[in-house]
>>> print(open('upload.pdb').read())   # PDB, C-alpha atoms and all ligand atoms
ATOM      1  CA  MET A   1      36.661  81.061 143.812
ATOM      2  CA  PRO A   2      39.759  82.756 145.185
ATOM      3  CA  THR A   3      42.615  82.464 142.729
ATOM      4  CA  TYR A   4      45.755  80.535 143.603
ATOM      5  CA  ARG A   5      48.794  82.448 144.839
ATOM      6  CA  PRO A   6      52.161  80.779 145.349
ATOM      7  CA  PRO A   7      52.714  80.095 149.062
ATOM      8  CA  ARG A   8      54.596  82.692 151.058
ATOM      9  CA  ILE A   9      57.087  80.402 152.737
ATOM     10  CA  ALA A  10      58.430  81.478 156.112
ATOM     11  CA  SER A  11      61.960  80.328 156.926
ATOM     12  CA  SER A  12      60.467  78.317 159.766
ATOM     13  CA  GLU A  13      58.569  76.270 157.247
ATOM     14  CA  ILE A  14      61.291  75.115 154.945
ATOM     15  CA  THR A  15      62.753  72.527 157.283
ATOM     16  CA  PRO A  16      62.234  69.231 155.469
ATOM     17  CA  ARG A  17      59.988  66.855 157.314
ATOM     18  CA  ASP A  18      62.665  64.200 157.857
ATOM     19  CA  ILE A  19      65.105  66.683 159.359
ATOM     20  CA  TYR A  20      62.332  68.062 161.503
ATOM     21  CA  LEU A  21      61.405  64.577 162.713
ATOM     22  CA  SER A  22      64.963  63.649 163.624
ATOM     23  CA  ARG A  23      65.518  66.969 165.379
ATOM     24  CA  ARG A  24      62.298  66.629 167.275
ATOM     25  CA  ASN A  25      63.587  63.413 168.825
ATOM     26  CA  PHE A  26      66.434  65.101 170.613
ATOM     27  CA  ILE A  27      65.297  68.672 171.039
ATOM     28  CA  GLY A  28      62.659  68.512 173.689
ATOM     29  CA  SER A  29      62.146  72.170 174.370
ATOM     30  CA  ALA A  30      60.709  75.215 172.703
ATOM     31  CA  ALA A  31      63.845  77.085 173.820
ATOM     32  CA  GLY A  32      65.975  74.568 171.964
ATOM     33  CA  LEU A  33      63.937  75.064 168.845
ATOM     34  CA  ALA A  34      64.073  78.835 169.149
ATOM     35  CA  ALA A  35      67.853  78.627 169.532
ATOM     36  CA  MET A  36      67.985  76.812 166.215
ATOM     37  CA  GLY A  37      65.837  79.479 164.599
ATOM     38  CA  LEU A  38      62.834  77.224 164.284
ATOM     39  CA  SER A  39      59.325  78.277 165.116
ATOM     40  CA  THR A  40      58.094  77.007 168.451
ATOM     41  CA  GLN A  41      54.998  75.658 166.738
ATOM     42  CA  PHE A  42      57.069  72.607 165.851
ATOM     43  CA  ALA A  43      57.460  71.817 169.526
ATOM     44  CA  GLU A  44      53.739  71.197 169.658
ATOM     45  CA  ALA A  45      53.572  68.495 166.979
ATOM     46  CA  THR A  46      53.407  65.221 168.855
ATOM     47  CA  ALA A  47      53.555  61.694 167.526
ATOM     48  CA  LEU A  48      50.302  59.813 168.010
ATOM     49  CA  THR A  49      49.845  56.091 168.279
ATOM     50  CA  ALA A  50      46.887  54.734 166.377
ATOM     51  CA  LYS A  51      45.726  51.237 165.640
ATOM     52  CA  PRO A  52      44.985  50.430 162.022
ATOM     53  CA  GLY A  53      41.421  51.459 161.285
ATOM     54  CA  ALA A  54      38.692  49.281 159.886
ATOM     55  CA  TYR A  55      38.544  51.544 156.838
ATOM     56  CA  LYS A  56      41.621  50.848 154.764
ATOM     57  CA  LEU A  57      41.727  52.531 151.382
ATOM     58  CA  ASP A  58      43.567  51.021 148.479
ATOM     59  CA  GLU A  59      44.464  54.377 146.949
ATOM     60  CA  LYS A  60      47.636  56.405 146.947
ATOM     61  CA  VAL A  61      47.681  58.860 149.848
ATOM     62  CA  THR A  62      48.138  62.526 148.983
ATOM     63  CA  PRO A  63      51.660  63.784 149.778
ATOM     64  CA  LEU A  64      51.919  65.423 153.219
ATOM     65  CA  ASP A  65      53.161  68.614 151.638
ATOM     66  CA  ALA A  66      49.949  69.011 149.611
ATOM     67  CA  VAL A  67      47.748  68.074 152.590
ATOM     68  CA  THR A  68      49.310  70.867 154.666
ATOM     69  CA  SER A  69      49.806  73.586 152.053
ATOM     70  CA  TYR A  70      46.602  73.524 149.955
ATOM     71  CA  ASN A  71      43.798  74.237 152.434
ATOM     72  CA  ASN A  72      40.528  76.002 153.020
ATOM     73  CA  PHE A  73      40.383  77.628 156.469
ATOM     74  CA  TYR A  74      38.806  81.054 155.957
ATOM     75  CA  GLU A  75      39.600  82.154 159.515
ATOM     76  CA  PHE A  76      43.156  82.483 158.205
ATOM     77  CA  GLY A  77      42.345  83.919 154.773
ATOM     78  CA  THR A  78      40.525  82.822 151.630
ATOM     79  CA  GLY A  79      43.554  81.750 149.554
ATOM     80  CA  LYS A  80      44.592  78.098 149.485
ATOM     81  CA  SER A  81      48.067  78.944 150.799
ATOM     82  CA  ASP A  82      46.836  81.398 153.468
ATOM     83  CA  PRO A  83      46.127  78.845 156.230
ATOM     84  CA  LYS A  84      49.676  77.499 156.182
ATOM     85  CA  ALA A  85      51.152  80.990 155.963
ATOM     86  CA  ASN A  86      48.989  82.517 158.694
ATOM     87  CA  ALA A  87      48.120  79.775 161.212
ATOM     88  CA  GLY A  88      51.594  79.319 162.699
ATOM     89  CA  ASP A  89      50.922  81.283 165.882
ATOM     90  CA  PHE A  90      47.443  79.917 166.498
ATOM     91  CA  LYS A  91      47.347  78.607 170.108
ATOM     92  CA  THR A  92      45.870  75.150 170.383
ATOM     93  CA  THR A  93      46.737  74.542 174.042
ATOM     94  CA  PRO A  94      45.012  74.859 176.412
ATOM     95  CA  TRP A  95      41.889  73.745 174.544
ATOM     96  CA  THR A  96      38.509  72.475 175.636
ATOM     97  CA  VAL A  97      35.506  71.202 173.739
ATOM     98  CA  LYS A  98      32.175  71.886 175.412
ATOM     99  CA  VAL A  99      29.469  69.314 174.673
ATOM    100  CA  ASP A 100      26.037  70.520 175.713
ATOM    101  CA  GLY A 101      22.418  70.971 174.684
ATOM    102  CA  LEU A 102      19.903  68.130 174.826
ATOM    103  CA  VAL A 103      22.081  65.740 176.811
ATOM    104  CA  GLY A 104      21.866  64.102 180.226
ATOM    105  CA  LYS A 105      25.477  64.846 181.141
ATOM    106  CA  PRO A 106      26.891  68.001 179.571
ATOM    107  CA  GLN A 107      30.670  67.962 179.770
ATOM    108  CA  GLU A 108      33.770  69.921 178.891
ATOM    109  CA  PHE A 109      36.569  67.793 177.448
ATOM    110  CA  GLY A 110      40.205  68.874 177.655
ATOM    111  CA  ILE A 111      42.187  68.171 174.507
ATOM    112  CA  GLU A 112      44.806  66.291 176.567
ATOM    113  CA  ASP A 113      42.128  63.787 177.589
ATOM    114  CA  LEU A 114      40.734  63.465 174.076
ATOM    115  CA  LEU A 115      44.229  62.640 172.798
ATOM    116  CA  LYS A 116      44.280  59.664 175.169
ATOM    117  CA  TYR A 117      41.244  58.037 173.563
ATOM    118  CA  PRO A 118      41.969  54.873 171.595
ATOM    119  CA  LEU A 119      42.943  56.402 168.259
ATOM    120  CA  GLU A 120      42.471  54.838 164.855
ATOM    121  CA  ASP A 121      44.133  55.379 161.529
ATOM    122  CA  ARG A 122      41.343  56.410 159.165
ATOM    123  CA  THR A 123      42.678  56.972 155.689
ATOM    124  CA  TYR A 124      39.782  58.637 153.870
ATOM    125  CA  ARG A 125      39.040  59.941 150.422
ATOM    126  CA  MET A 126      38.140  63.664 150.816
ATOM    127  CA  ARG A 127      36.271  65.757 148.210
ATOM    128  CA  CYS A 128      35.974  69.554 148.281
ATOM    129  CA  VAL A 129      32.865  71.088 146.745
ATOM    130  CA  GLU A 130      35.238  73.127 144.539
ATOM    131  CA  GLY A 131      36.190  69.980 142.609
ATOM    132  CA  TRP A 132      39.483  68.802 144.102
ATOM    133  CA  SER A 133      40.106  65.761 146.216
ATOM    134  CA  MET A 134      42.773  64.174 148.410
ATOM    135  CA  VAL A 135      43.376  60.916 150.269
ATOM    136  CA  ILE A 136      44.317  61.800 153.832
ATOM    137  CA  PRO A 137      45.609  59.461 156.563
ATOM    138  CA  TRP A 138      43.659  60.901 159.495
ATOM    139  CA  ILE A 139      44.040  59.836 163.092
ATOM    140  CA  GLY A 140      40.967  60.110 165.258
ATOM    141  CA  PHE A 141      38.087  58.440 167.020
ATOM    142  CA  SER A 142      34.385  57.986 166.346
ATOM    143  CA  LEU A 143      32.275  61.020 167.141
ATOM    144  CA  SER A 144      29.822  58.595 168.763
ATOM    145  CA  THR A 145      32.408  57.903 171.510
ATOM    146  CA  ILE A 146      31.877  61.428 172.824
ATOM    147  CA  LEU A 147      28.151  61.465 172.148
ATOM    148  CA  ASP A 148      27.758  58.312 174.263
ATOM    149  CA  LYS A 149      29.564  59.975 177.164
ATOM    150  CA  VAL A 150      27.144  62.905 177.345
ATOM    151  CA  GLU A 151      24.021  60.758 176.930
ATOM    152  CA  PRO A 152      21.849  62.474 174.297
ATOM    153  CA  LEU A 153      18.182  62.861 175.229
ATOM    154  CA  GLY A 154      15.429  61.403 173.052
ATOM    155  CA  SER A 155      14.579  64.906 171.853
ATOM    156  CA  ALA A 156      18.044  65.404 170.307
ATOM    157  CA  LYS A 157      17.809  65.071 166.518
ATOM    158  CA  TYR A 158      20.838  66.996 165.239
ATOM    159  CA  VAL A 159      24.400  67.815 166.275
ATOM    160  CA  ALA A 160      25.693  71.379 165.899
ATOM    161  CA  PHE A 161      29.402  72.244 165.781
ATOM    162  CA  GLU A 162      31.215  75.532 166.329
ATOM    163  CA  THR A 163      34.749  76.750 165.540
ATOM    164  CA  VAL A 164      36.673  79.067 167.860
ATOM    165  CA  VAL A 165      36.454  82.848 167.277
ATOM    166  CA  ARG A 166      39.803  84.493 167.949
ATOM    167  CA  PRO A 167      40.498  87.520 165.751
ATOM    168  CA  GLU A 168      43.746  88.192 167.682
ATOM    169  CA  GLU A 169      45.148  84.971 166.256
ATOM    170  CA  MET A 170      43.041  84.476 163.138
ATOM    171  CA  SER A 171      43.905  87.041 160.509
ATOM    172  CA  GLY A 172      40.844  86.218 158.408
ATOM    173  CA  GLN A 173      38.617  87.361 161.274
ATOM    174  CA  ARG A 174      40.170  90.833 161.307
ATOM    175  CA  GLY A 175      39.871  93.761 158.975
ATOM    176  CA  LEU A 176      37.203  95.117 156.697
ATOM    177  CA  PHE A 177      36.621  92.113 154.486
ATOM    178  CA  GLN A 178      34.887  89.313 156.380
ATOM    179  CA  PRO A 179      34.162  86.520 153.898
ATOM    180  CA  LEU A 180      31.869  84.597 156.279
ATOM    181  CA  ASP A 181      29.949  85.118 159.511
ATOM    182  CA  TRP A 182      31.799  83.835 162.568
ATOM    183  CA  PRO A 183      31.828  81.475 164.262
ATOM    184  CA  TYR A 184      32.033  78.926 161.434
ATOM    185  CA  VAL A 185      29.208  76.505 162.223
ATOM    186  CA  GLU A 186      28.257  73.103 160.880
ATOM    187  CA  GLY A 187      25.768  70.366 161.614
ATOM    188  CA  LEU A 188      24.806  66.747 161.075
ATOM    189  CA  ARG A 189      21.668  64.746 161.637
ATOM    190  CA  LEU A 190      22.169  62.593 164.748
ATOM    191  CA  ASP A 191      22.264  59.345 162.739
ATOM    192  CA  GLU A 192      24.914  60.813 160.413
ATOM    193  CA  ALA A 193      26.897  61.944 163.446
ATOM    194  CA  ARG A 194      26.684  58.455 164.935
ATOM    195  CA  HIS A 195      27.703  56.662 161.738
ATOM    196  CA  PRO A 196      30.963  54.751 162.324
ATOM    197  CA  LEU A 197      32.643  56.581 159.411
ATOM    198  CA  THR A 198      32.193  59.956 161.161
ATOM    199  CA  ILE A 199      35.226  60.865 163.231
ATOM    200  CA  LEU A 200      36.762  63.639 165.222
ATOM    201  CA  ALA A 201      40.306  63.844 163.872
ATOM    202  CA  VAL A 202      43.171  64.889 166.140
ATOM    203  CA  GLY A 203      46.016  64.040 163.791
ATOM    204  CA  LEU A 204      47.209  63.143 160.330
ATOM    205  CA  TYR A 205      50.263  61.326 159.008
ATOM    206  CA  GLY A 206      51.045  59.968 162.470
ATOM    207  CA  GLU A 207      51.152  63.293 164.331
ATOM    208  CA  THR A 208      48.876  65.837 165.935
ATOM    209  CA  LEU A 209      47.064  68.034 163.409
ATOM    210  CA  PRO A 210      48.923  70.919 161.792
ATOM    211  CA  ASN A 211      47.143  74.190 162.634
ATOM    212  CA  GLN A 212      46.086  74.731 159.023
ATOM    213  CA  ASN A 213      44.256  71.390 159.017
ATOM    214  CA  GLY A 214      42.076  72.254 162.007
ATOM    215  CA  ALA A 215      44.146  71.702 165.146
ATOM    216  CA  PRO A 216      43.628  70.544 167.733
ATOM    217  CA  ILE A 217      40.397  68.746 166.783
ATOM    218  CA  ARG A 218      38.143  68.773 163.718
ATOM    219  CA  LEU A 219      35.288  66.851 162.167
ATOM    220  CA  VAL A 220      35.771  64.453 159.239
ATOM    221  CA  VAL A 221      32.734  63.127 157.336
ATOM    222  CA  PRO A 222      34.170  61.437 154.241
ATOM    223  CA  TRP A 223      30.961  61.036 152.207
ATOM    224  CA  LYS A 224      30.177  64.777 152.367
ATOM    225  CA  TYR A 225      31.829  67.785 150.745
ATOM    226  CA  GLY A 226      34.862  69.091 152.608
ATOM    227  CA  PHE A 227      33.176  72.138 154.121
ATOM    228  CA  LYS A 228      31.173  69.876 156.456
ATOM    229  CA  GLY A 229      34.508  69.020 158.110
ATOM    230  CA  ILE A 230      34.537  71.929 160.537
ATOM    231  CA  LYS A 231      37.941  72.758 162.023
ATOM    232  CA  SER A 232      39.227  73.780 165.470
ATOM    233  CA  ILE A 233      36.010  72.845 167.277
ATOM    234  CA  VAL A 234      35.201  74.375 170.680
ATOM    235  CA  ARG A 235      31.564  73.390 171.032
ATOM    236  CA  ILE A 236      29.310  70.490 170.086
ATOM    237  CA  SER A 237      25.593  70.858 170.892
ATOM    238  CA  LEU A 238      22.797  68.331 170.656
ATOM    239  CA  VAL A 239      19.714  70.116 169.315
ATOM    240  CA  GLU A 240      16.183  69.408 168.174
ATOM    241  CA  LYS A 241      16.034  71.418 164.938
ATOM    242  CA  GLN A 242      18.309  71.390 161.909
ATOM    243  CA  PRO A 243      21.150  73.727 162.900
ATOM    244  CA  GLU A 244      22.464  76.644 160.863
ATOM    245  CA  THR A 245      25.486  75.932 158.724
ATOM    246  CA  THR A 246      28.010  78.475 157.500
ATOM    247  CA  TRP A 247      27.954  77.840 153.757
ATOM    248  CA  LYS A 248      24.172  77.513 153.587
ATOM    249  CA  ASN A 249      23.899  80.818 155.478
ATOM    250  CA  SER A 250      26.349  82.346 153.048
ATOM    251  CA  ASN A 251      24.596  81.087 149.883
ATOM    252  CA  ALA A 252      21.639  78.727 150.328
ATOM    253  CA  ARG A 253      21.132  78.304 146.590
ATOM    254  CA  GLU A 254      24.619  76.862 146.174
ATOM    255  CA  TYR A 255      25.173  75.008 149.464
ATOM    256  CA  GLY A 256      22.674  72.862 151.342
ATOM    257  CA  PHE A 257      22.573  71.229 154.736
ATOM    258  CA  TYR A 258      23.253  67.682 153.538
ATOM    259  CA  SER A 259      26.040  68.304 151.013
ATOM    260  CA  ASN A 260      26.551  64.642 150.266
ATOM    261  CA  VAL A 261      29.076  64.086 147.508
ATOM    262  CA  ASN A 262      26.870  63.428 144.487
ATOM    263  CA  PRO A 263      28.145  63.396 140.896
ATOM    264  CA  LYS A 264      24.559  63.718 139.633
ATOM    265  CA  VAL A 265      23.752  66.978 141.395
ATOM    266  CA  ASP A 266      25.787  69.817 139.923
ATOM    267  CA  HIS A 267      26.739  72.960 141.777
ATOM    268  CA  PRO A 268      24.824  75.851 140.132
ATOM    269  CA  ARG A 269      28.121  77.140 138.711
ATOM    270  CA  TRP A 270      29.979  73.908 137.820
ATOM    271  CA  SER A 271      29.654  70.176 137.281
ATOM    272  CA  GLN A 272      30.327  67.775 140.140
ATOM    273  CA  ALA A 273      30.737  64.749 137.844
ATOM    274  CA  THR A 274      34.541  64.688 138.003
ATOM    275  CA  GLU A 275      37.296  65.828 140.319
ATOM    276  CA  GLN A 276      40.962  66.661 140.385
ATOM    277  CA  ARG A 277      42.975  64.461 142.736
ATOM    278  CA  ILE A 278      45.599  66.799 144.189
ATOM    279  CA  GLY A 279      49.118  65.482 143.672
ATOM    280  CA  GLU A 280      48.154  63.523 140.574
ATOM    281  CA  GLY A 281      49.218  65.089 137.306
ATOM    282  CA  GLY A 282      50.106  68.424 138.907
ATOM    283  CA  PHE A 283      48.041  70.998 140.755
ATOM    284  CA  PHE A 284      46.693  72.572 137.604
ATOM    285  CA  SER A 285      45.801  69.478 135.575
ATOM    286  CA  THR A 286      42.197  69.184 134.488
ATOM    287  CA  GLN A 287      39.821  67.163 136.598
ATOM    288  CA  ASN A 288      41.055  63.644 136.251
ATOM    289  CA  ARG A 289      38.686  61.253 138.009
ATOM    290  CA  PRO A 290      35.014  60.467 138.048
ATOM    291  CA  THR A 291      33.372  61.553 141.306
ATOM    292  CA  LEU A 292      31.665  58.673 143.104
ATOM    293  CA  MET A 293      28.249  58.741 144.773
ATOM    294  CA  PHE A 294      28.778  59.389 148.497
ATOM    295  CA  ASN A 295      32.463  59.779 147.569
ATOM    296  CA  GLY A 296      32.558  55.985 147.235
ATOM    297  CA  TYR A 297      31.261  55.304 150.760
ATOM    298  CA  ASP A 298      28.191  53.326 149.663
ATOM    299  CA  GLU A 299      27.565  52.044 153.171
ATOM    300  CA  VAL A 300      25.942  55.374 154.100
ATOM    301  CA  ALA A 301      23.230  55.083 151.424
ATOM    302  CA  SER A 302      20.729  53.600 153.905
ATOM    303  CA  LEU A 303      20.826  56.851 155.922
ATOM    304  CA  TYR A 304      19.010  58.512 153.020
ATOM    305  CA  THR A 305      16.464  55.882 152.005
ATOM    306  CA  GLY A 306      13.354  57.582 150.650
ATOM    307  CA  MET A 307      14.989  61.023 150.547
ATOM    308  CA  ASP A 308      15.187  63.090 147.370
ATOM    309  CA  LEU A 309      18.911  63.866 147.224
ATOM    310  CA  LYS A 310      18.369  66.492 144.514
ATOM    311  CA  ALA A 311      16.037  68.498 146.731
ATOM    312  CA  ASN A 312      18.196  67.787 149.801
ATOM    313  CA  TYR A 313      21.538  68.816 148.285
TER
HETATM  314  N1  LIG B   1      36.402  76.457 160.651
HETATM  315  C1  LIG B   1      36.531  76.136 159.357
HETATM  316  N2  LIG B   1      36.445  74.841 158.996
HETATM  317  C2  LIG B   1      36.578  74.484 157.692
HETATM  318  C3  LIG B   1      36.758  75.476 156.673
HETATM  319  C4  LIG B   1      36.852  76.836 157.103
HETATM  320  O1  LIG B   1      37.021  77.773 156.289
HETATM  321  N3  LIG B   1      36.745  77.125 158.438
HETATM  322  N4  LIG B   1      36.861  75.095 155.345
HETATM  323  C5  LIG B   1      36.223  73.803 154.978
HETATM  324  C6  LIG B   1      36.534  73.380 153.615
HETATM  325  S1  LIG B   1      35.771  74.223 152.364
HETATM  326  C7  LIG B   1      37.322  72.293 153.346
HETATM  327  S2  LIG B   1      37.508  71.708 151.747
HETATM  328  C8  LIG B   1      38.052  71.590 154.439
HETATM  329  C9  LIG B   1      39.530  71.497 154.119
HETATM  330  O2  LIG B   1      40.174  70.717 155.090
HETATM  331  P1  LIG B   1      41.740  70.431 154.965
HETATM  332  O3  LIG B   1      42.417  71.753 154.828
HETATM  333  O4  LIG B   1      42.122  69.708 156.199
HETATM  334  O5  LIG B   1      41.913  69.573 153.745
HETATM  335  O6  LIG B   1      37.908  72.243 155.694
HETATM  336  C10 LIG B   1      36.599  72.692 155.976
HETATM  337  N5  LIG B   1      36.520  73.172 157.338
HETATM  338 MO    MO B   2      35.882  72.799 150.485
END
>>> encode(input="upload.pdb", output="structure tokens")
Amino acid sequence: MPTYRPPRIASSEITPRDIYLSRRNFIGSAAGLAAMGLSTQFAEATALTAKPGAYKLDEKVTPLDAVTSYNNFYEFGTGKSDPKANAGDFKTTPWTVKVDGLVGKPQEFGIEDLLKYPLEDRTYRMRCVEGWSMVIPWIGFSLSTILDKVEPLGSAKYVAFETVVRPEEMSGQRGLFQPLDWPYVEGLRLDEARHPLTILAVGLYGETLPNQNGAPIRLVVPWKYGFKGIKSIVRISLVEKQPETTWKNSNAREYGFYSNVNPKVDHPRWSQATEQRIGEGGFFSTQNRPTLMFNGYDEVASLYTGMDLKANY
């Protein structure tokens, strides 16, 4: 695992959230922000209106600061603080998501249209395969909303996802050391993709996604390890065979296709029985909670009836 380095904080990032929010209300323009010495990226954060989701969680949400400063997004570097430090100039408009493959009506969706979908607040427990967890108030809509629009054919059995490749803007995609093959790819079985818990997130904490969290649109599958939640998606394809996935390609012994959170199946190099909830007891406290089967989302168990979840890790 990459070791933790203290965040390199740009001056544009030290504006407290409340000041930023109040300024945003009366400074409409990027020019105005630039005049105040603030990065224009702040001009792009937009408030989103979401109705309360069906999935309320009675757990303390992770502080916004931790959600946006302790990330995995290897396109911007392998350190936890790299995404926040390096994703500021990533351009998330214009943006389109192509949905193709085994569908009756392939379509390209503009992000501006996707942001108009009826959005829901989906506060989910999230668990990284590395052993840390957060509770994140996502804003998004069911992935099945989009799947319905393109009309999957009977032959479609899986959904494949792809992240943008843009070395000009993504520092982790430049240089000699390439930690992963690009594009970052992920996949779900069609029934997992259609499960009502599976969402495409476009925001968190009431606003559009920060770049480091996968702007402008990313997958969230709360009963699976965090790496299934592919960020900055440009393509979704309906396919017949189990698609390739980045971490399985990188190390198939350690990372499988399913990657359901499972306290009984250890990672070859560490236990998965417990986890460290970020923001509780400090970043460096020992793992402080038992990990729950399916991350506590028992309602997905029926998707795996009759499957050996040790063999299908
Ligand atoms: N494209 C892309 N998506 C990605 C990753 C990545 O490196 N690249 N990291 C994954 C991992 S390991 C985790 S734990 C989550 C972290 O999401 P968060 O930063 O929003 O908490 O993003 C996932 N999605
Ligand atoms: Mo992760």
>>> residues_around(input="upload.pdb", residues="A:Leu204", least_positions_apart="2", cutoff="6 Å", atoms="all atoms listed in the file", output="list in words")
Pro137, Trp138, Ile139, Gly206, Glu207 and Leu209 of chain A
>>> residues_around(input="upload.pdb", residues="A:Ile233", least_positions_apart="5", cutoff="12 Å", atoms="only C-alpha atoms", output="JSON, numbers by chain")
{"A": [92, 95, 96, 97, 98, 99, 109, 110, 111, 160, 161, 162, 163, 164, 165, 183, 184, 185, 186, 187, 200, 201, 202, 213, 214, 215, 216, 217, 218, 219, 220]}
>>> atom_distance(input="upload.pdb", atom1="atom CA of A:Tyr158", atom2="atom CA of A:Leu190")
4.6 Å
>>> residues_near_point(input="upload.pdb", point="(30.6, 58.9, 148.7)", cutoff="10 Å", atoms="only C-alpha atoms", output="number ranges by chain")
A: 125-127, 221-225, 260-263, 291-301
>>> residues_around(input="upload.pdb", residues="A:Pro268", least_positions_apart="3", cutoff="12 Å", atoms="all atoms listed in the file", output="list in words")
Val129, Glu130, Asn251, Ala252, Arg253, Glu254, Tyr255, Gly256, Val265, Ser271, Gln272 and Tyr313 of chain A
>>> resolve_selection(input="upload.pdb", expression="the PyMOL selection byres (((chain A and resi 243) around 10) and not hetatm)", output="PyMOL selection string")
chain A and resi 157-161+185-189+237-242+244-246+257
>>> write_last_selection(input="upload.pdb", atoms="C-alpha atoms", output="PDB file, keeping the file's coordinate frame")
ATOM      1  CA  LYS A 157      17.809  65.071 166.518  1.00  0.00           C
ATOM      2  CA  TYR A 158      20.838  66.996 165.239  1.00  0.00           C
ATOM      3  CA  VAL A 159      24.400  67.815 166.275  1.00  0.00           C
ATOM      4  CA  ALA A 160      25.693  71.379 165.899  1.00  0.00           C
ATOM      5  CA  PHE A 161      29.402  72.244 165.781  1.00  0.00           C
ATOM      6  CA  VAL A 185      29.208  76.505 162.223  1.00  0.00           C
ATOM      7  CA  GLU A 186      28.257  73.103 160.880  1.00  0.00           C
ATOM      8  CA  GLY A 187      25.768  70.366 161.614  1.00  0.00           C
ATOM      9  CA  LEU A 188      24.806  66.747 161.075  1.00  0.00           C
ATOM     10  CA  ARG A 189      21.668  64.746 161.637  1.00  0.00           C
ATOM     11  CA  SER A 237      25.593  70.858 170.892  1.00  0.00           C
ATOM     12  CA  LEU A 238      22.797  68.331 170.656  1.00  0.00           C
ATOM     13  CA  VAL A 239      19.714  70.116 169.315  1.00  0.00           C
ATOM     14  CA  GLU A 240      16.183  69.408 168.174  1.00  0.00           C
ATOM     15  CA  LYS A 241      16.034  71.418 164.938  1.00  0.00           C
ATOM     16  CA  GLN A 242      18.309  71.390 161.909  1.00  0.00           C
ATOM     17  CA  GLU A 244      22.464  76.644 160.863  1.00  0.00           C
ATOM     18  CA  THR A 245      25.486  75.932 158.724  1.00  0.00           C
ATOM     19  CA  THR A 246      28.010  78.475 157.500  1.00  0.00           C
ATOM     20  CA  PHE A 257      22.573  71.229 154.736  1.00  0.00           C
TER      21      PHE A 257
END
>>> closest_residue(input="upload.pdb", among="A:Gly154, A:Pro196, A:Gly281, A:Pro83", to="ligand LIG 1 (chain B)", atoms="all atoms listed in the file")
A:Pro83
>>> resolve_selection(input="upload.pdb", expression="the PyMOL selection byres (((chain A and resi 212) around 9) and not hetatm)", output="PyMOL selection string")
chain A and resi 68-69+71-73+76+82-88+209-211+213-215+231
>>> resolve_selection(input="upload.pdb", expression="the PyMOL selection byres (((chain A and resi 277) around 12) and not hetatm)", output="ChimeraX atom specification")
/A:59-63,66-67,125-128,130-136,274-276,278-291
>>> closest_residue(input="upload.pdb", among="A:Val234, A:Leu143, A:Leu197, A:Leu48", to="ligand LIG 1 (chain B)", atoms="only C-alpha atoms and all ligand atoms")
A:Val234
>>> closest_residue(input="upload.pdb", among="A:Phe90, A:Tyr117, A:Tyr124, A:Tyr74", to="A:Leu57", atoms="only C-alpha atoms")
A:Tyr124
>>> atom_distance(input="upload.pdb", atom1="atom CA of A:Asp308", atom2="atom P1 of ligand LIG 1 (chain B)")
28.6 Å
>>> axis_aligned_box(input="upload.pdb", around="ligand LIG 1 (chain B)", padding_each_side="8 Å", output="lines of an AutoDock Vina configuration file")
center_x = 39.1
center_y = 73.7
center_z = 156.2
size_x = 22.6
size_y = 24.2
size_z = 24.9
>>> closest_residue(input="upload.pdb", among="A:Ala47, A:Leu115, A:Ile146, A:Ile236", to="A:Leu102", atoms="only C-alpha atoms")
A:Ile236
>>> decode(input="upload.pdb", residues="stretch 182-189 of chain A", atoms="N, CA, C and O atoms", output="mmCIF file, in the first residue's frame")
data_model
loop_
_atom_site.group_PDB
_atom_site.id
_atom_site.type_symbol
_atom_site.label_atom_id
_atom_site.label_comp_id
_atom_site.auth_asym_id
_atom_site.auth_seq_id
_atom_site.Cartn_x
_atom_site.Cartn_y
_atom_site.Cartn_z
ATOM 1 N N TRP A 182 -4.550 1.664 -18.296
ATOM 2 C CA TRP A 182 -5.679 2.568 -18.555
ATOM 3 C C TRP A 182 -6.388 2.155 -19.830
ATOM 4 O O TRP A 182 -5.731 1.653 -20.721
ATOM 5 N N PRO A 183 -7.654 2.400 -19.967
ATOM 6 C CA PRO A 183 -8.516 3.028 -18.975
ATOM 7 C C PRO A 183 -8.814 2.103 -17.782
ATOM 8 O O PRO A 183 -8.762 0.886 -17.923
ATOM 9 N N TYR A 184 -9.105 2.714 -16.634
ATOM 10 C CA TYR A 184 -9.636 1.984 -15.483
ATOM 11 C C TYR A 184 -10.969 1.404 -15.932
ATOM 12 O O TYR A 184 -11.795 2.118 -16.516
ATOM 13 N N VAL A 185 -11.153 0.103 -15.736
ATOM 14 C CA VAL A 185 -12.399 -0.539 -16.162
ATOM 15 C C VAL A 185 -13.000 -1.325 -15.000
ATOM 16 O O VAL A 185 -12.283 -1.819 -14.131
ATOM 17 N N GLU A 186 -14.300 -1.413 -14.999
ATOM 18 C CA GLU A 186 -15.007 -2.180 -13.974
ATOM 19 C C GLU A 186 -16.216 -2.866 -14.591
ATOM 20 O O GLU A 186 -16.552 -2.608 -15.751
ATOM 21 N N GLY A 187 -16.849 -3.730 -13.822
ATOM 22 C CA GLY A 187 -18.006 -4.437 -14.354
ATOM 23 C C GLY A 187 -18.907 -4.983 -13.272
ATOM 24 O O GLY A 187 -18.485 -5.165 -12.119
ATOM 25 N N LEU A 188 -20.150 -5.200 -13.639
ATOM 26 C CA LEU A 188 -21.145 -5.811 -12.750
ATOM 27 C C LEU A 188 -21.934 -6.827 -13.565
ATOM 28 O O LEU A 188 -22.062 -6.685 -14.789
ATOM 29 N N ARG A 189 -22.479 -7.821 -12.878
ATOM 30 C CA ARG A 189 -23.462 -8.673 -13.528
ATOM 31 C C ARG A 189 -24.709 -7.810 -13.714
ATOM 32 O O ARG A 189 -24.949 -6.887 -12.933
#
